[in-house]
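First the structure, in the form of structure tokens, and then the observations on it.
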Amino acid sequence: MNPIKFAHISDFHLGYCQYGLAKRFTDIGNAARISIEKALERNVDFILFTGDLFHCHSPSSGTLRQAIKILEMPKKASIPFYVIRGNHDASYARSERYGGDVLDFLSDLRYLQYIKDSYIDHDPLRIWGVGYYGIRAKKRLLEVLENRKKEDGEERLEILALHALIEGQMPFHEIDLYTLANLSFNYIALGHYHNRWELAKHNLYCPGATEHMDTREWKSSRGFYFVEVKNSKFNTEFIEIPVRLKKDIKVDLGTVDLNEAQRKMEAIIKENDIKDAMLRFEFTGHLAQGKKEQISTAQLLSLVRQAFYVVEIRNSLESKTMPIKAADPQEAIKKLLLKLLGKKNEEEILPESELVQVLLRVLGEEGDIESSLKIIDDFFQKKENIKLKVQQIPEKVEISKAFKEKEALKSRPSEKNTNITKKSAKKRVLNDFFTD
Ligand SMILES: [Mn+2]
């Protein structure tokens, strides 16, 4: 047997105008064209395409023109282009109802050879192909293979082309590995998954789509399998194809204030080479004050004008709430206020603002924590947008275990003096709380 070479390609999704961009329509066409060019450069004997040639079952005239230009290449070179039906190409029912589907149409025009739940012999190989059937996939596969016979005395290597979910990749599958293994095909050519994966021990290969259809696919390279069949062995090589650059940049900014956040985001955007790339940024971290909505996305977007397309700038910063956990809430609020205003003692801030005066009055006279917090909240919302949240205000002084132990150590010489006054403990708790 002479060595035979073929390309296993999948999921062109021609006609997909991603993000409504004409250039993405072209990108997707280019990826298809390049993969066929690269296959032909390697002098393949045929191309096996495992479904989703088109993105939708009624491709536009423009999409059909694009498809014909691409399929013209193998046709001119007299290289058969074998195809099975993907879920995007047509549904079985639809194909039946309307006198065939777009793949039948292109088959009539001799642009491809449609393997429609049957087989084609490409000596010495027999290629079985079953289109997409969803949850009926296994049943349909076994029906199609019912008449499969091994011809005695003749060496026949068999390929199975499928567009289905196979066990092991996702939580859900349509065909289990046990069934597939028992069918003992020499090569199982899989489509449907857009990221490449393979299971060599089961002769299972899935090249993935030729372009990225979704941001979740960006990390997986694009290409197809070049397969050489020599001495009944299938040797595979994944051939990468160049596609438009995509950058998914995720950065943790740490704990930042609003200005720092904006500055850091801008710096990160600037330091990345974004020219002609598709971009996605995600910023995580904590805002010491303010809300993430205060960061200007418009400003960030103005920095990425050179990019081909910005899919998303996701601001996932979380606002840092300032919990007030203290033995004496009134004291705690006073101290917090001092800290927020950058002052050392009450006297320094008293004359400064009406807020402080009002606040201290409320705290001092009424001891109304809820009102005080609301006053602070409103003030800072207006001024610097600092959100305060009361997580827990204990009713009475709770002396921490660690504190007790520390105090106990100090008073070790006289074991009797281990009692700590509530007052000193309270002071210590507050100090500990506000000194970090
Ligand atoms: Mn697909």
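Starting from 1 in every chain, residues are counted up; chains themselves are A, B, ... following the order of the structure tokens, and ligands are numbered from 1 as listed.
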
Lys75 (chain A) environment, 12 Å, only C-alpha atoms, sequence neighbours closer than 6 positions dropped, as a PDB file with C-alpha atoms, in the first residue's frame:
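Saved file result_39.pdb follows:
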ATOM      1  CA  ILE A  36      -6.783  24.540   2.754  1.00  0.00           C
ATOM      2  CA  LEU A  40      -2.585  21.422  -0.402  1.00  0.00           C
ATOM      3  CA  PHE A  46      -7.901  14.357   0.217  1.00  0.00           C
ATOM      4  CA  ILE A  47      -9.338  16.698   2.825  1.00  0.00           C
ATOM      5  CA  ILE A  68     -16.930  28.676  -3.532  1.00  0.00           C
ATOM      6  CA  LYS A  69     -13.689  30.669  -3.794  1.00  0.00           C
ATOM      7  CA  PHE A  81     -13.096  17.505  -0.134  1.00  0.00           C
ATOM      8  CA  TYR A  82     -15.188  15.132   1.998  1.00  0.00           C
ATOM      9  CA  LEU A 106     -22.358  22.380  -3.140  1.00  0.00           C
ATOM     10  CA  SER A 107     -22.049  18.672  -3.729  1.00  0.00           C
ATOM     11  CA  LEU A 109     -21.832  21.713  -8.042  1.00  0.00           C
ATOM     12  CA  ARG A 110     -18.898  19.325  -7.394  1.00  0.00           C
ATOM     13  CA  TYR A 111     -17.295  21.567  -4.779  1.00  0.00           C
ATOM     14  CA  LEU A 112     -17.417  18.845  -2.176  1.00  0.00           C
ATOM     15  CA  GLN A 113     -18.348  15.242  -1.562  1.00  0.00           C
TER      16      GLN A 113
END

Q) Residues at most 12 Å from Leu245 (chain A), counting only C-alpha atoms, excluding those fewer than 3 positions away in the same chain, as a list in words? A) Asp27, Glu211, His212, Thr215, Trp218, Lys219, Ser220, Ser221, Arg222, Ile241, Pro242, Asp248, Asp273, Ile274, Lys275, Asp276, Ala277, Met278, Leu279, Arg280, Ala307, Phe308, Tyr309 and Val310 of chain A

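Between ligand 1 and the residues A:Arg244, A:Arg148, A:Arg140, A:His194, the shortest atom-to-atom distance, using only C-alpha atoms and all ligand atoms, involves A:His194.
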
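Across A:His202, A:His88, A:Arg126, A:Arg24, the tightest approach to ligand 1 is made by A:His88 when counting only C-alpha atoms and all ligand atoms.
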
Q: From region 156-277 of chain A, collect each residue whose DSSP state is strand (DSSP E) and return the set as a ChimeraX atom specification.
A: /A:157-163,187-191,197-199,204-206,223-230,233-240,246-256

Would you put the residues from that selection into a file with C-alpha atoms, as a PDB file, in the first residue's frame?
ATOM      1  CA  LEU A 157      -8.417   0.880   6.995  1.00  0.00           C
ATOM      2  CA  GLU A 158     -11.424   2.715   8.252  1.00  0.00           C
ATOM      3  CA  ILE A 159     -12.021   6.283   9.322  1.00  0.00           C
ATOM      4  CA  LEU A 160     -15.098   7.500  11.179  1.00  0.00           C
ATOM      5  CA  ALA A 161     -16.055  11.158  10.885  1.00  0.00           C
ATOM      6  CA  LEU A 162     -18.374  12.553  13.554  1.00  0.00           C
ATOM      7  CA  HIS A 163     -19.844  15.859  14.656  1.00  0.00           C
ATOM      8  CA  TYR A 187      -8.945   7.058  12.959  1.00  0.00           C
ATOM      9  CA  ILE A 188     -11.909   8.904  14.426  1.00  0.00           C
ATOM     10  CA  ALA A 189     -12.165  12.397  12.976  1.00  0.00           C
ATOM     11  CA  LEU A 190     -14.144  14.649  15.234  1.00  0.00           C
ATOM     12  CA  GLY A 191     -15.721  18.057  14.759  1.00  0.00           C
ATOM     13  CA  TRP A 197      -8.224  17.807  21.757  1.00  0.00           C
ATOM     14  CA  GLU A 198      -7.202  14.260  21.109  1.00  0.00           C
ATOM     15  CA  LEU A 199      -7.282  10.855  22.687  1.00  0.00           C
ATOM     16  CA  LEU A 204      -9.675  10.102  18.401  1.00  0.00           C
ATOM     17  CA  TYR A 205      -8.711  13.494  16.992  1.00  0.00           C
ATOM     18  CA  CYS A 206     -10.470  16.843  17.086  1.00  0.00           C
ATOM     19  CA  GLY A 223      -5.165  24.625  12.872  1.00  0.00           C
ATOM     20  CA  PHE A 224      -5.807  21.150  11.530  1.00  0.00           C
ATOM     21  CA  TYR A 225      -4.376  17.639  11.467  1.00  0.00           C
ATOM     22  CA  PHE A 226      -2.081  16.506   8.737  1.00  0.00           C
ATOM     23  CA  VAL A 227      -2.293  12.718   8.747  1.00  0.00           C
ATOM     24  CA  GLU A 228       0.046  10.295   7.042  1.00  0.00           C
ATOM     25  CA  VAL A 229      -1.046   6.688   6.727  1.00  0.00           C
ATOM     26  CA  LYS A 230       1.962   4.454   6.385  1.00  0.00           C
ATOM     27  CA  LYS A 233      -0.350   3.444  10.934  1.00  0.00           C
ATOM     28  CA  PHE A 234      -1.909   6.886  11.218  1.00  0.00           C
ATOM     29  CA  ASN A 235       0.692   9.490  12.084  1.00  0.00           C
ATOM     30  CA  THR A 236      -0.770  12.837  12.997  1.00  0.00           C
ATOM     31  CA  GLU A 237       0.766  16.275  13.042  1.00  0.00           C
ATOM     32  CA  PHE A 238      -1.105  19.381  14.121  1.00  0.00           C
ATOM     33  CA  ILE A 239      -0.501  22.218  11.693  1.00  0.00           C
ATOM     34  CA  GLU A 240      -1.057  25.624  13.223  1.00  0.00           C
ATOM     35  CA  LYS A 246      -6.302  37.957  20.473  1.00  0.00           C
ATOM     36  CA  LYS A 247      -5.258  39.139  23.891  1.00  0.00           C
ATOM     37  CA  ASP A 248      -7.054  38.298  27.066  1.00  0.00           C
ATOM     38  CA  ILE A 249      -5.360  40.354  29.757  1.00  0.00           C
ATOM     39  CA  LYS A 250      -6.311  39.773  33.346  1.00  0.00           C
ATOM     40  CA  VAL A 251      -4.601  41.863  35.999  1.00  0.00           C
ATOM     41  CA  ASP A 252      -5.011  42.006  39.754  1.00  0.00           C
ATOM     42  CA  LEU A 253      -4.434  45.611  40.811  1.00  0.00           C
ATOM     43  CA  GLY A 254      -4.256  44.784  44.520  1.00  0.00           C
ATOM     44  CA  THR A 255      -5.712  47.332  46.906  1.00  0.00           C
ATOM     45  CA  VAL A 256      -5.891  50.693  45.180  1.00  0.00           C
TER      46      VAL A 256
END

Q: Could you tell me, counting only C-alpha atoms and all ligand atoms, which protein and nucleic acid residues lie no more than 7 Å from ligand 1, written as a ChimeraX atom specification?
A: /A:11,13,52,86,88,192-194,209

Write the residues of the preceding selection, restricted to C-alpha atoms, as a CSV table (one decimal), in the first residue's frame.
chain,number,residue,atom,x,y,z
A,11,ASP,CA,-15.6,24.0,11.9
A,13,HIS,CA,-18.2,28.6,10.4
A,52,ASP,CA,-19.9,23.3,10.4
A,86,GLY,CA,-22.5,19.9,11.4
A,88,HIS,CA,-24.7,24.7,12.0
A,192,HIS,CA,-18.1,20.2,16.9
A,193,TYR,CA,-15.6,21.1,19.7
A,194,HIS,CA,-13.9,24.4,18.8
A,209,ALA,CA,-12.3,25.4,14.7

Q) In terms of the shortest atom-to-atom distance over only C-alpha atoms, which of A:Ser316, A:Ser10, A:Lys343, A:Ala261 is closest to Ile295 (chain A)? A)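 For Ile295 (chain A), the nearest of the given residues is A:Ala261.
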
Q: Assign secondary structure with DSSP using the backbone only, and return the residues of region 151-351 of chain A in helix (DSSP H, G or I) as a ChimeraX atom specification.
A: /A:177-183,200-202,215-217,258-271,292-294,297-302,329-341,346-349

Print the selection's residues with N, CA and C atoms to a file, as a compact mmCIF listing (two decimals), in the first residue's frame.
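Result saved to result_1.txt:
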# COMPACT_ATOMS: atom_id res chain seq x y z
N LEU A 177 -17.16 6.59 25.22
CA LEU A 177 -15.89 6.09 24.69
C LEU A 177 -15.89 4.58 24.51
N TYR A 178 -16.62 3.90 25.37
CA TYR A 178 -16.67 2.44 25.30
C TYR A 178 -17.24 2.00 23.94
N THR A 179 -18.32 2.67 23.55
CA THR A 179 -18.93 2.36 22.24
C THR A 179 -17.94 2.63 21.11
N LEU A 180 -17.31 3.76 21.18
CA LEU A 180 -16.37 4.13 20.12
C LEU A 180 -15.19 3.16 20.05
N ALA A 181 -14.65 2.82 21.23
CA ALA A 181 -13.50 1.92 21.27
C ALA A 181 -13.86 0.56 20.66
N ASN A 182 -15.08 0.10 20.95
CA ASN A 182 -15.51 -1.19 20.43
C ASN A 182 -15.69 -1.22 18.92
N LEU A 183 -15.86 -0.05 18.35
CA LEU A 183 -16.04 -0.01 16.89
C LEU A 183 -14.70 -0.15 16.17
N ALA A 200 -5.32 9.78 21.81
CA ALA A 200 -4.60 8.91 20.88
C ALA A 200 -4.89 7.43 21.11
N LYS A 201 -5.09 7.04 22.38
CA LYS A 201 -5.30 5.61 22.63
C LYS A 201 -6.63 5.12 22.06
N HIS A 202 -7.52 6.05 21.76
CA HIS A 202 -8.77 5.66 21.10
C HIS A 202 -8.80 6.15 19.65
N THR A 215 -14.56 34.17 23.01
CA THR A 215 -13.39 34.52 23.83
C THR A 215 -12.86 33.32 24.62
N ARG A 216 -13.73 32.37 24.93
CA ARG A 216 -13.29 31.20 25.69
C ARG A 216 -12.35 30.31 24.88
N GLU A 217 -12.29 30.55 23.57
CA GLU A 217 -11.44 29.73 22.70
C GLU A 217 -10.08 30.38 22.46
N LEU A 258 -9.06 55.15 43.82
CA LEU A 258 -9.61 55.40 42.48
C LEU A 258 -8.57 55.88 41.48
N ASN A 259 -7.75 56.83 41.92
CA ASN A 259 -6.74 57.39 41.00
C ASN A 259 -5.72 56.34 40.59
N GLU A 260 -5.28 55.60 41.62
CA GLU A 260 -4.30 54.54 41.34
C GLU A 260 -4.87 53.51 40.38
N ALA A 261 -6.12 53.16 40.60
CA ALA A 261 -6.77 52.16 39.76
C ALA A 261 -6.79 52.62 38.31
N GLN A 262 -7.22 53.86 38.13
CA GLN A 262 -7.29 54.41 36.77
C GLN A 262 -5.90 54.44 36.13
N ARG A 263 -4.92 54.91 36.93
CA ARG A 263 -3.56 55.03 36.42
C ARG A 263 -2.99 53.66 36.04
N LYS A 264 -3.19 52.69 36.93
CA LYS A 264 -2.65 51.35 36.67
C LYS A 264 -3.31 50.72 35.44
N MET A 265 -4.61 50.88 35.33
CA MET A 265 -5.33 50.32 34.18
C MET A 265 -4.80 50.91 32.89
N GLU A 266 -4.61 52.24 32.91
CA GLU A 266 -4.12 52.91 31.71
C GLU A 266 -2.72 52.41 31.35
N ALA A 267 -1.88 52.26 32.38
CA ALA A 267 -0.50 51.80 32.15
C ALA A 267 -0.50 50.40 31.54
N ILE A 268 -1.34 49.54 32.08
CA ILE A 268 -1.40 48.16 31.58
C ILE A 268 -1.87 48.13 30.13
N ILE A 269 -2.87 48.93 29.85
CA ILE A 269 -3.37 48.98 28.47
C ILE A 269 -2.28 49.49 27.53
N LYS A 270 -1.57 50.53 28.01
CA LYS A 270 -0.54 51.13 27.15
C LYS A 270 0.64 50.20 26.90
N GLU A 271 0.99 49.41 27.91
CA GLU A 271 2.21 48.59 27.76
C GLU A 271 1.98 47.36 26.87
N LYS A 292 -16.37 51.13 41.82
CA LYS A 292 -15.74 50.84 40.54
C LYS A 292 -16.37 51.64 39.40
N GLU A 293 -17.65 52.00 39.57
CA GLU A 293 -18.34 52.75 38.52
C GLU A 293 -17.73 54.14 38.30
N GLN A 294 -16.92 54.58 39.28
CA GLN A 294 -16.32 55.91 39.15
C GLN A 294 -15.10 55.92 38.24
N THR A 297 -14.52 54.31 31.92
CA THR A 297 -14.25 53.33 30.87
C THR A 297 -14.00 54.05 29.55
N ALA A 298 -14.64 55.20 29.38
CA ALA A 298 -14.46 55.97 28.15
C ALA A 298 -13.00 56.35 27.98
N GLN A 299 -12.39 56.76 29.10
CA GLN A 299 -10.98 57.13 29.10
C GLN A 299 -10.12 55.92 28.69
N LEU A 300 -10.47 54.76 29.23
CA LEU A 300 -9.71 53.54 28.93
C LEU A 300 -9.89 53.17 27.46
N LEU A 301 -11.11 53.30 26.98
CA LEU A 301 -11.39 52.95 25.58
C LEU A 301 -10.64 53.84 24.61
N SER A 302 -10.44 55.10 25.02
CA SER A 302 -9.72 56.02 24.13
C SER A 302 -8.28 55.58 23.93
N PRO A 329 -18.50 51.64 69.93
CA PRO A 329 -18.77 52.10 68.57
C PRO A 329 -18.63 53.61 68.40
N GLN A 330 -19.03 54.35 69.41
CA GLN A 330 -18.92 55.81 69.28
C GLN A 330 -17.47 56.23 69.15
N GLU A 331 -16.65 55.63 70.02
CA GLU A 331 -15.22 55.91 69.98
C GLU A 331 -14.64 55.47 68.63
N ALA A 332 -15.10 54.32 68.19
CA ALA A 332 -14.60 53.76 66.93
C ALA A 332 -14.91 54.68 65.76
N ILE A 333 -16.12 55.21 65.77
CA ILE A 333 -16.51 56.08 64.66
C ILE A 333 -15.70 57.37 64.68
N LYS A 334 -15.48 57.87 65.86
CA LYS A 334 -14.65 59.08 65.98
C LYS A 334 -13.25 58.83 65.40
N LYS A 335 -12.68 57.70 65.80
CA LYS A 335 -11.32 57.39 65.34
C LYS A 335 -11.27 57.16 63.83
N LEU A 336 -12.32 56.51 63.38
CA LEU A 336 -12.38 56.24 61.95
C LEU A 336 -12.44 57.55 61.17
N LEU A 337 -13.22 58.45 61.70
CA LEU A 337 -13.36 59.76 61.09
C LEU A 337 -12.01 60.49 61.05
N LEU A 338 -11.30 60.42 62.16
CA LEU A 338 -9.98 61.04 62.22
C LEU A 338 -9.06 60.45 61.16
N LYS A 339 -9.14 59.13 61.06
CA LYS A 339 -8.28 58.44 60.11
C LYS A 339 -8.62 58.86 58.67
N LEU A 340 -9.91 58.88 58.40
CA LEU A 340 -10.35 59.23 57.04
C LEU A 340 -9.93 60.65 56.66
N LEU A 341 -9.97 61.53 57.66
CA LEU A 341 -9.61 62.92 57.39
C LEU A 341 -8.10 63.17 57.59
N GLU A 346 -9.26 64.90 67.83
CA GLU A 346 -10.57 65.53 67.62
C GLU A 346 -10.50 67.04 67.43
N GLU A 347 -9.64 67.66 68.26
CA GLU A 347 -9.55 69.13 68.23
C GLU A 347 -9.16 69.62 66.84
N GLU A 348 -8.32 68.86 66.19
CA GLU A 348 -7.86 69.27 64.87
C GLU A 348 -8.99 69.34 63.84
N ILE A 349 -9.93 68.48 64.00
CA ILE A 349 -10.98 68.46 62.99
C ILE A 349 -12.25 69.19 63.39
